[in-house]
$ cat final-v1.cif   # mmCIF, C-alpha atoms and all ligand atoms
data_my_file
loop_
_atom_site.group_PDB
_atom_site.id
_atom_site.type_symbol
_atom_site.label_atom_id
_atom_site.label_comp_id
_atom_site.auth_asym_id
_atom_site.auth_seq_id
_atom_site.Cartn_x
_atom_site.Cartn_y
_atom_site.Cartn_z
ATOM 1 C CA MET A 471 93.000 104.385 26.863
ATOM 2 C CA GLY A 472 93.793 102.501 23.658
ATOM 3 C CA PRO A 473 97.039 102.597 21.721
ATOM 4 C CA LEU A 474 97.653 105.796 19.821
ATOM 5 C CA SER A 475 98.061 105.768 16.068
ATOM 6 C CA ASP A 476 101.484 106.813 14.832
ATOM 7 C CA ALA A 477 100.067 109.995 13.381
ATOM 8 C CA SER A 478 98.476 111.322 16.541
ATOM 9 C CA ALA A 479 101.423 110.216 18.629
ATOM 10 C CA ALA A 480 103.735 112.186 16.413
ATOM 11 C CA ARG A 481 101.737 115.381 16.796
ATOM 12 C CA GLY A 482 100.522 115.141 20.365
ATOM 13 C CA PRO A 483 102.400 115.300 23.630
ATOM 14 C CA LEU A 484 104.486 112.381 24.757
ATOM 15 C CA LEU A 485 102.192 109.891 26.446
ATOM 16 C CA LEU A 486 103.315 107.290 28.916
ATOM 17 C CA THR A 487 101.365 104.244 29.881
ATOM 18 C CA VAL A 488 100.976 104.057 33.644
ATOM 19 C CA SER A 489 98.761 101.618 35.447
ATOM 20 C CA MET A 490 96.591 103.236 38.072
ATOM 21 C CA PRO A 491 94.595 101.300 40.634
ATOM 22 C CA VAL A 492 90.834 101.205 40.340
ATOM 23 C CA CYS A 493 88.478 101.225 43.334
ATOM 24 C CA THR A 494 86.900 97.789 43.732
ATOM 25 C CA SER A 495 83.586 99.390 44.790
ATOM 26 C CA CYS A 496 83.036 102.291 42.374
ATOM 27 C CA ASN A 497 85.473 101.391 39.569
ATOM 28 C CA ARG A 498 86.938 104.881 39.532
ATOM 29 C CA LEU A 499 90.654 105.476 39.167
ATOM 30 C CA ILE A 500 92.464 106.124 42.392
ATOM 31 C CA GLN A 501 94.650 109.197 42.143
ATOM 32 C CA PRO A 502 98.223 108.944 43.359
ATOM 33 C CA GLY A 503 98.517 110.111 46.945
ATOM 34 C CA ALA A 504 94.797 109.625 47.689
ATOM 35 C CA ARG A 505 93.918 108.274 51.124
ATOM 36 C CA ALA A 506 92.980 104.918 49.685
ATOM 37 C CA VAL A 507 93.601 101.487 51.091
ATOM 38 C CA LYS A 508 94.607 98.239 49.483
ATOM 39 C CA PHE A 509 94.618 94.782 50.952
ATOM 40 C CA ASN A 510 94.261 91.210 49.804
ATOM 41 C CA CYS A 511 90.755 89.794 49.979
ATOM 42 C CA PRO A 512 90.213 88.883 53.649
ATOM 43 C CA ASN A 513 88.670 85.576 52.635
ATOM 44 C CA CYS A 514 90.766 84.097 49.810
ATOM 45 C CA GLY A 515 93.778 86.396 49.939
ATOM 46 C CA GLU A 516 94.071 86.219 46.166
ATOM 47 C CA MET A 517 92.550 89.395 44.831
ATOM 48 C CA THR A 518 93.824 92.850 45.703
ATOM 49 C CA ILE A 519 90.980 94.995 46.978
ATOM 50 C CA TRP A 520 91.320 98.739 46.490
ATOM 51 C CA ARG A 521 88.998 101.158 48.235
ATOM 52 C CA CYS A 522 88.987 104.833 47.313
ATOM 53 C CA PRO A 523 88.698 107.411 50.132
ATOM 54 C CA LYS A 524 85.017 108.038 49.409
ATOM 55 C CA CYS A 525 83.910 104.422 49.280
ATOM 56 C CA ARG A 526 85.825 103.711 52.433
ATOM 57 C CA LYS A 527 84.415 106.728 54.221
ATOM 58 C CA PHE A 528 80.849 105.857 53.278
ATOM 59 C CA GLY A 529 81.322 102.183 54.082
ATOM 60 C CA ARG A 530 80.379 101.083 50.560
ATOM 61 C CA GLN A 531 80.470 97.391 49.768
ATOM 62 C CA TYR A 532 83.267 95.739 47.857
ATOM 63 C CA LYS A 533 83.213 92.308 46.279
ATOM 64 C CA CYS A 534 86.066 89.919 45.591
ATOM 65 C CA LEU A 535 85.943 88.683 42.008
ATOM 66 C CA LYS A 536 87.835 85.514 42.892
ATOM 67 C CA CYS A 537 85.764 84.125 45.777
ATOM 68 C CA GLY A 538 82.690 86.353 45.907
ATOM 69 C CA PHE A 539 83.372 87.641 49.401
ATOM 70 C CA VAL A 540 81.461 90.838 50.116
ATOM 71 C CA GLY A 541 82.810 93.353 52.596
ATOM 72 C CA PRO A 542 83.229 95.308 54.736
ATOM 73 C CA MET B 1128 65.053 47.847 49.037
ATOM 74 C CA SER B 1129 64.753 51.186 47.334
ATOM 75 C CA GLU B 1130 66.273 54.367 48.678
ATOM 76 C CA ARG B 1131 64.255 56.969 50.401
ATOM 77 C CA GLU B 1132 65.109 60.601 51.085
ATOM 78 C CA VAL B 1133 64.930 61.509 54.733
ATOM 79 C CA GLU B 1134 65.558 64.756 56.492
ATOM 80 C CA VAL B 1135 68.537 64.678 58.773
ATOM 81 C CA ALA B 1136 69.275 67.320 61.346
ATOM 82 C CA VAL B 1137 72.783 68.549 60.646
ATOM 83 C CA GLU B 1138 74.788 69.695 63.611
ATOM 84 C CA GLU B 1139 75.779 73.277 62.886
ATOM 85 C CA GLU B 1140 79.469 73.829 63.105
ATOM 86 C CA LEU B 1141 80.269 76.880 65.117
ATOM 87 C CA LEU B 1142 83.635 77.598 66.704
ATOM 88 C CA LEU B 1143 81.953 77.448 70.097
ATOM 89 C CA PRO B 1144 78.604 75.842 70.894
ATOM 90 C CA ARG B 1145 75.725 78.204 70.213
ATOM 91 C CA GLU B 1146 74.749 78.072 73.913
ATOM 92 C CA THR B 1147 78.189 79.279 74.980
ATOM 93 C CA LEU B 1148 78.038 82.194 72.568
ATOM 94 C CA LEU B 1149 74.523 83.095 73.624
ATOM 95 C CA SER B 1150 75.284 82.868 77.341
ATOM 96 C CA ALA B 1151 78.216 85.238 76.809
ATOM 97 C CA GLY B 1152 75.750 87.618 75.137
ATOM 98 C CA VAL B 1153 77.704 87.780 71.870
ATOM 99 C CA HIS B 1154 74.415 88.287 70.002
ATOM 100 C CA ILE B 1155 73.047 91.090 72.150
ATOM 101 C CA GLY B 1156 72.997 94.365 70.248
ATOM 102 C CA THR B 1157 71.563 97.709 71.233
ATOM 103 C CA ARG B 1158 68.250 99.512 70.774
ATOM 104 C CA ILE B 1159 69.656 101.215 67.704
ATOM 105 C CA LYS B 1160 70.190 99.520 64.370
ATOM 106 C CA THR B 1161 72.137 101.304 61.653
ATOM 107 C CA LYS B 1162 71.517 100.684 57.973
ATOM 108 C CA ASP B 1163 75.067 99.362 57.693
ATOM 109 C CA MET B 1164 74.423 96.655 60.279
ATOM 110 C CA GLU B 1165 71.159 95.446 58.758
ATOM 111 C CA LEU B 1166 72.943 92.558 57.050
ATOM 112 C CA PHE B 1167 74.213 91.184 60.344
ATOM 113 C CA THR B 1168 71.080 91.730 62.407
ATOM 114 C CA TYR B 1169 68.884 88.752 63.064
ATOM 115 C CA ARG B 1170 65.780 90.218 64.678
ATOM 116 C CA VAL B 1171 64.419 92.715 67.148
ATOM 117 C CA ARG B 1172 63.307 91.493 70.550
ATOM 118 C CA PRO B 1173 59.961 92.526 72.040
ATOM 119 C CA ASP B 1174 61.865 94.793 74.433
ATOM 120 C CA GLY B 1175 63.314 96.687 71.474
ATOM 121 C CA LEU B 1176 66.810 95.252 71.580
ATOM 122 C CA PHE B 1177 68.288 94.281 68.216
ATOM 123 C CA VAL B 1178 69.878 90.850 68.112
ATOM 124 C CA LEU B 1179 72.830 89.801 65.958
ATOM 125 C CA ASP B 1180 73.102 86.614 63.910
ATOM 126 C CA VAL B 1181 75.765 84.523 65.712
ATOM 127 C CA LYS B 1182 76.324 82.395 62.616
ATOM 128 C CA LYS B 1183 77.634 85.531 60.928
ATOM 129 C CA THR B 1184 79.747 86.406 63.947
ATOM 130 C CA ASP B 1185 81.277 82.954 63.661
ATOM 131 C CA GLU B 1186 81.866 83.301 59.913
ATOM 132 C CA ARG B 1187 83.522 86.670 60.278
ATOM 133 C CA ILE B 1188 85.809 85.517 63.083
ATOM 134 C CA ARG B 1189 87.048 82.836 60.676
ATOM 135 C CA THR B 1190 87.505 85.347 57.866
ATOM 136 C CA ALA B 1191 89.281 87.853 60.110
ATOM 137 C CA ALA B 1192 91.608 85.115 61.348
ATOM 138 C CA LYS B 1193 92.526 84.116 57.792
ATOM 139 C CA PHE B 1194 93.182 87.749 56.975
ATOM 140 C CA LEU B 1195 95.271 88.356 60.105
ATOM 141 C CA SER B 1196 97.341 85.223 59.608
ATOM 142 C CA ARG B 1197 98.811 86.789 56.467
ATOM 143 C CA PHE B 1198 100.380 89.629 58.459
ATOM 144 C CA GLU B 1199 103.538 89.717 60.517
ATOM 145 C CA PRO B 1200 102.343 89.347 64.150
ATOM 146 C CA SER B 1201 104.241 92.420 65.326
ATOM 147 C CA LYS B 1202 102.612 94.492 62.559
ATOM 148 C CA ILE B 1203 99.116 93.893 63.949
ATOM 149 C CA VAL B 1204 97.818 96.528 66.361
ATOM 150 C CA VAL B 1205 94.729 95.974 68.516
ATOM 151 C CA VAL B 1206 92.967 98.967 70.028
ATOM 152 C CA ALA B 1207 90.583 99.141 72.979
ATOM 153 C CA SER B 1208 89.904 102.469 74.557
ATOM 154 C CA ARG B 1209 86.974 101.282 76.660
ATOM 155 C CA LEU B 1210 87.621 99.346 79.845
ATOM 156 C CA TYR B 1211 85.952 96.011 79.087
ATOM 157 C CA GLY B 1212 87.956 95.601 75.907
ATOM 158 C CA GLN B 1213 91.343 96.058 77.508
ATOM 159 C CA GLN B 1214 91.868 92.689 79.202
ATOM 160 C CA PRO B 1215 90.664 90.679 76.173
ATOM 161 C CA VAL B 1216 92.906 92.739 73.890
ATOM 162 C CA ARG B 1217 95.882 92.317 76.216
ATOM 163 C CA LYS B 1218 95.344 88.559 76.298
ATOM 164 C CA PHE B 1219 94.818 88.333 72.545
ATOM 165 C CA CYS B 1220 98.080 90.159 71.949
ATOM 166 C CA GLU B 1221 99.975 88.069 74.479
ATOM 167 C CA LEU B 1222 99.013 84.894 72.612
ATOM 168 C CA THR B 1223 99.346 86.128 69.046
ATOM 169 C CA GLY B 1224 102.262 88.562 69.279
ATOM 170 C CA ALA B 1225 100.195 91.578 68.261
ATOM 171 C CA ILE B 1226 100.613 95.037 69.802
ATOM 172 C CA PRO B 1227 97.912 96.198 72.242
ATOM 173 C CA ILE B 1228 96.879 99.828 72.616
ATOM 174 C CA GLU B 1229 94.721 100.244 75.686
ATOM 175 C CA GLY B 1230 92.965 103.331 76.927
ATOM 176 C CA ARG B 1231 93.340 106.690 75.289
ATOM 177 C CA PHE B 1232 94.752 106.595 71.767
ATOM 178 C CA ALA B 1233 97.490 109.225 71.604
ATOM 179 C CA PRO B 1234 96.819 111.447 68.564
ATOM 180 C CA GLY B 1235 99.482 111.029 65.904
ATOM 181 C CA LEU B 1236 100.507 107.577 67.070
ATOM 182 C CA PHE B 1237 100.159 106.205 63.521
ATOM 183 C CA SER B 1238 100.112 109.336 61.439
ATOM 184 C CA ASN B 1239 102.643 111.757 62.888
ATOM 185 C CA PRO B 1240 106.209 110.904 61.869
ATOM 186 C CA LEU B 1241 107.432 113.090 64.734
ATOM 187 C CA HIS B 1242 105.486 111.234 67.405
ATOM 188 C CA PRO B 1243 108.057 109.874 69.895
ATOM 189 C CA GLU B 1244 106.328 106.484 70.173
ATOM 190 C CA ARG B 1245 105.118 106.246 66.625
ATOM 191 C CA ILE B 1246 103.974 102.806 65.471
ATOM 192 C CA GLU B 1247 103.641 101.739 61.849
ATOM 193 C CA PRO B 1248 101.288 98.771 61.784
ATOM 194 C CA ASP B 1249 100.139 96.966 58.638
ATOM 195 C CA VAL B 1250 96.653 96.241 59.982
ATOM 196 C CA VAL B 1251 94.538 97.463 62.901
ATOM 197 C CA ILE B 1252 91.751 95.861 64.914
ATOM 198 C CA VAL B 1253 89.443 98.199 66.788
ATOM 199 C CA THR B 1254 87.080 97.030 69.513
ATOM 200 C CA ASP B 1255 84.508 99.709 68.700
ATOM 201 C CA PRO B 1256 84.886 101.989 65.675
ATOM 202 C CA ARG B 1257 83.077 104.794 67.503
ATOM 203 C CA ALA B 1258 84.987 104.656 70.783
ATOM 204 C CA ASP B 1259 88.212 104.012 68.846
ATOM 205 C CA LYS B 1260 87.525 106.689 66.238
ATOM 206 C CA GLN B 1261 90.971 108.226 66.522
ATOM 207 C CA ALA B 1262 92.617 104.933 65.542
ATOM 208 C CA VAL B 1263 90.211 104.476 62.602
ATOM 209 C CA GLU B 1264 90.956 107.967 61.336
ATOM 210 C CA GLU B 1265 94.689 107.546 61.605
ATOM 211 C CA ALA B 1266 94.503 104.185 59.841
ATOM 212 C CA ALA B 1267 92.721 105.998 56.997
ATOM 213 C CA ALA B 1268 95.428 108.654 56.940
ATOM 214 C CA VAL B 1269 98.223 106.110 56.600
ATOM 215 C CA GLY B 1270 96.257 103.704 54.382
ATOM 216 C CA ILE B 1271 96.151 100.517 56.413
ATOM 217 C CA PRO B 1272 93.180 98.128 56.637
ATOM 218 C CA VAL B 1273 90.862 98.218 59.652
ATOM 219 C CA ILE B 1274 89.037 95.275 61.206
ATOM 220 C CA ALA B 1275 86.277 96.359 63.574
ATOM 221 C CA LEU B 1276 84.073 94.650 66.100
ATOM 222 C CA CYS B 1277 80.679 96.171 65.306
ATOM 223 C CA SER B 1278 77.423 96.075 67.189
ATOM 224 C CA THR B 1279 73.993 96.962 65.800
ATOM 225 C CA ASP B 1280 74.577 100.682 66.416
ATOM 226 C CA ASN B 1281 77.892 101.000 64.549
ATOM 227 C CA GLU B 1282 78.580 102.441 61.122
ATOM 228 C CA PHE B 1283 81.132 101.171 58.639
ATOM 229 C CA SER B 1284 82.914 104.425 57.931
ATOM 230 C CA GLY B 1285 86.632 103.667 57.636
ATOM 231 C CA VAL B 1286 86.122 99.969 58.332
ATOM 232 C CA ASP B 1287 87.355 97.311 55.893
ATOM 233 C CA LEU B 1288 86.216 94.149 57.657
ATOM 234 C CA VAL B 1289 83.381 93.853 60.166
ATOM 235 C CA ILE B 1290 83.059 91.287 62.941
ATOM 236 C CA PRO B 1291 79.446 91.626 64.062
ATOM 237 C CA THR B 1292 79.234 91.188 67.828
ATOM 238 C CA ASN B 1293 78.259 92.718 71.105
ATOM 239 C CA ASN B 1294 81.288 94.981 71.540
ATOM 240 C CA LYS B 1295 80.303 96.386 74.916
ATOM 241 C CA GLY B 1296 79.737 93.383 77.156
ATOM 242 C CA ARG B 1297 82.529 92.062 79.362
ATOM 243 C CA ARG B 1298 81.931 88.380 78.646
ATOM 244 C CA SER B 1299 81.085 88.905 75.016
ATOM 245 C CA LEU B 1300 84.358 90.718 74.352
ATOM 246 C CA ALA B 1301 86.236 87.945 76.126
ATOM 247 C CA ALA B 1302 84.553 85.263 73.991
ATOM 248 C CA VAL B 1303 85.184 87.026 70.688
ATOM 249 C CA TYR B 1304 88.851 87.805 71.343
ATOM 250 C CA TRP B 1305 89.379 84.298 72.713
ATOM 251 C CA LEU B 1306 87.906 82.773 69.552
ATOM 252 C CA LEU B 1307 89.827 85.133 67.318
ATOM 253 C CA ALA B 1308 93.121 84.295 69.062
ATOM 254 C CA GLN B 1309 92.430 80.583 68.735
ATOM 255 C CA GLN B 1310 91.510 80.862 65.095
ATOM 256 C CA VAL B 1311 94.529 83.023 64.222
ATOM 257 C CA LEU B 1312 96.854 80.440 65.797
ATOM 258 C CA LYS B 1313 95.125 77.677 63.842
ATOM 259 C CA GLU B 1314 95.432 79.598 60.587
ATOM 260 C CA ARG B 1315 99.121 80.127 61.273
ATOM 261 C CA GLY B 1316 99.538 76.434 61.987
ATOM 262 C CA GLU B 1317 100.649 77.138 65.559
ATOM 263 C CA LEU B 1318 97.671 75.292 66.994
ATOM 264 C CA ALA B 1319 96.288 71.991 65.729
ATOM 265 C CA LEU B 1320 92.860 72.257 64.140
ATOM 266 C CA ASP B 1321 91.286 69.953 66.732
ATOM 267 C CA GLN B 1322 92.886 71.692 69.685
ATOM 268 C CA SER B 1323 91.549 74.582 71.648
ATOM 269 C CA LEU B 1324 93.379 77.512 73.160
ATOM 270 C CA SER B 1325 95.463 76.578 76.217
ATOM 271 C CA VAL B 1326 94.253 79.662 78.063
ATOM 272 C CA PRO B 1327 90.735 79.432 79.545
ATOM 273 C CA LEU B 1328 88.145 81.895 78.329
ATOM 274 C CA GLU B 1329 87.775 83.381 81.825
ATOM 275 C CA GLU B 1330 91.287 84.798 81.626
ATOM 276 C CA PHE B 1331 90.128 87.003 78.784
ATOM 277 C CA GLU B 1332 87.431 88.587 80.928
ATOM 278 C CA ALA B 1333 87.945 91.995 82.447
ATOM 279 C CA LYS B 1334 87.894 91.682 86.219
ATOM 280 C CA LEU B 1335 85.128 93.385 88.074
ATOM 281 C CA GLU B 1336 86.037 95.757 90.840
ATOM 282 C CA SER B 1337 82.940 94.954 92.852
ATOM 283 C CA LYS B 1338 80.515 92.063 92.753
ATOM 284 C CA GLU B 1339 78.382 91.659 89.671
HETATM 285 ZN ZN ZN C 1 85.379 104.003 45.264
HETATM 286 ZN ZN ZN C 2 88.341 86.575 47.738
#

$ encode --input "final-v1.cif" --output "structure tokens"
Amino acid sequence: MGPLSDASAARGPLLLTVSMPVCTSCNRLIQPGARAVKFNCPNCGEMTIWRCPKCRKFGRQYKCLKCGFVGP
Amino acid sequence: MSEREVEVAVEEELLLPRETLLSAGVHIGTRIKTKDMELFTYRVRPDGLFVLDVKKTDERIRTAAKFLSRFEPSKIVVVASRLYGQQPVRKFCELTGAIPIEGRFAPGLFSNPLHPERIEPDVVIVTDPRADKQAVEEAAAVGIPVIALCSTDNEFSGVDLVIPTNNKGRRSLAAVYWLLAQQVLKERGELALDQSLSVPLEEFEAKLESKE
């Protein structure tokens, strides 16, 4: 989602910039209210890990970009 | 004299001596190995029993302790529905200030706002994600992280951090919870790094009704 040009912004609906979390495993956006989980990397505590309901349910791996820790 | 490269045996640094862990049966898995647990499985014995890699058990106890030390003690809940997990969990909670849930997990305990004894933890430890399924599901419903003791037959569904270990044996459960308690206290700075837990390991063991 890049910045809108003045012209399209003037014609289109009002757009707000919101930051939505992204699943650390599948990189998909996590919808508000989804049964996701977030926690700080168990190892370094520095990166916030987000897991979407699907990745969590299927036990998919996640990787910390700070320290390389791979979970679960 | 010139220098020469020689091979030196390096003492492996485990939280407990390898022999102690092995005699407690921490590495003993089951005859089933799930795909999820492949990473933590060391080998299969001739009798068909899968064996866990105790080095990884050790590593994960350290990681879990670091993770737990970042939470308020009273916001940590530890669940054991099966009998052999209850004494170790009780003892772990006594020493670390966590909340034990032993025996049957009352449905809605985490997830139902109308539950009379509702608890709102920030993190949950389960002794066996299959036996403690209700707790895992409710943790998913309220969005809190789950640490699970997993043997070779467990799956990772709903689990955020695995501690690979024999999660059925009486002495194995005692050893793992003892080590975890010790490591959590060290991470919190409540126990010096060169000290060991004041409570002997035996006190973590479930008592047997009859002779072994
Ligand atoms: Zn995902
Ligand atoms: Zn990390």

$ resolve_selection --input "final-v1.cif" --expression "the PyMOL selection byres (((not hetatm)) within 7 of (chain C and resi 2))" --output "mmCIF file with C-alpha atoms, keeping the file's coordinate frame"
data_model
loop_
_atom_site.group_PDB
_atom_site.id
_atom_site.type_symbol
_atom_site.label_atom_id
_atom_site.label_comp_id
_atom_site.auth_asym_id
_atom_site.auth_seq_id
_atom_site.Cartn_x
_atom_site.Cartn_y
_atom_site.Cartn_z
ATOM 1 C CA CYS A 511 90.755 89.794 49.979
ATOM 2 C CA PRO A 512 90.213 88.883 53.649
ATOM 3 C CA ASN A 513 88.670 85.576 52.635
ATOM 4 C CA CYS A 514 90.766 84.097 49.810
ATOM 5 C CA GLY A 515 93.778 86.396 49.939
ATOM 6 C CA GLU A 516 94.071 86.219 46.166
ATOM 7 C CA MET A 517 92.550 89.395 44.831
ATOM 8 C CA CYS A 534 86.066 89.919 45.591
ATOM 9 C CA LEU A 535 85.943 88.683 42.008
ATOM 10 C CA LYS A 536 87.835 85.514 42.892
ATOM 11 C CA CYS A 537 85.764 84.125 45.777
ATOM 12 C CA GLY A 538 82.690 86.353 45.907
ATOM 13 C CA PHE A 539 83.372 87.641 49.401
#

$ closest_residue --input "final-v1.cif" --among "A:Gly503, A:Pro491, A:Pro523, A:Pro542" --to "ligand ZN 1 (chain C)" --atoms "all atoms listed in the file"
A:Pro523

$ atom_distance --input "final-v1.cif" --atom1 "atom CA of Lys533 of chain A" --atom2 "atom CA of Thr494 of chain A"
7.1 Å

$ residues_around --input "final-v1.cif" --residues "segment 495-498 of chain A" --least-positions-apart "2" --cutoff "7 Å" --atoms "only C-alpha atoms" --output "list in words"
Val492, Cys493, Ile500, Arg521, Cys525, Arg530, Gln531 and Tyr532 of chain A

$ interface_residues --input "final-v1.cif" --of "chain A" --to "chain B" --cutoff "7 Å" --atoms "all atoms listed in the file" --output "NGL selection string"
:A and (505-507 or 509 or 512-513 or 526-529 or 541-542)

$ residues_around --input "final-v1.cif" --residues "segment 1327-1337 of chain B" --least-positions-apart "4" --cutoff "7 Å" --atoms "only C-alpha atoms" --output "list in words"
Tyr1211, Gln1214, Pro1215, Lys1218, Arg1297, Arg1298, Ala1301, Ala1302 and Trp1305 of chain B

$ resolve_selection --input "final-v1.cif" --expression "the PyMOL selection byres (((chain B and resi 1171-1179) around 6) and not hetatm)" --output "PyMOL selection string"
chain B and resi 1154-1158+1167-1170+1180

$ atom_distance --input "final-v1.cif" --atom1 "atom CA of Cys522 of chain A" --atom2 "atom ZN of ligand ZN 1 (chain C)"
4.2 Å

$ atom_distance --input "final-v1.cif" --atom1 "atom CA of Lys1162 of chain B" --atom2 "atom CA of Asp1185 of chain B"
21.0 Å

$ residues_around --input "final-v1.cif" --residues "Gly1230 of chain B" --least-positions-apart "3" --cutoff "12 Å" --atoms "all atoms listed in the file" --output "number ranges by chain"
B: 1205-1214, 1216-1217, 1227, 1233, 1253-1254, 1258-1259, 1261-1262

$ resolve_selection --input "final-v1.cif" --expression "the PyMOL selection byres (((chain B and resi 1238) around 7) and not hetatm)" --output "compact mmCIF listing (two decimals) with C-alpha atoms, in the coordinates of the input"
# COMPACT_ATOMS: atom_id res chain seq x y z
CA GLY B 1235 99.48 111.03 65.90
CA LEU B 1236 100.51 107.58 67.07
CA PHE B 1237 100.16 106.20 63.52
CA ASN B 1239 102.64 111.76 62.89
CA PRO B 1240 106.21 110.90 61.87
CA GLU B 1265 94.69 107.55 61.60
CA ALA B 1268 95.43 108.65 56.94
CA VAL B 1269 98.22 106.11 56.60

$ residues_around --input "final-v1.cif" --residues "segment 484-490 of chain A" --least-positions-apart "3" --cutoff "8 Å" --atoms "all atoms listed in the file" --output "ChimeraX atom specification"
/A:479,499-502

$ closest_residue --input "final-v1.cif" --among "B:Val1251, B:Glu1186, B:Ile1228, B:Ser1278" --to "Pro1200 of chain B" --atoms "all atoms listed in the file"
B:Val1251
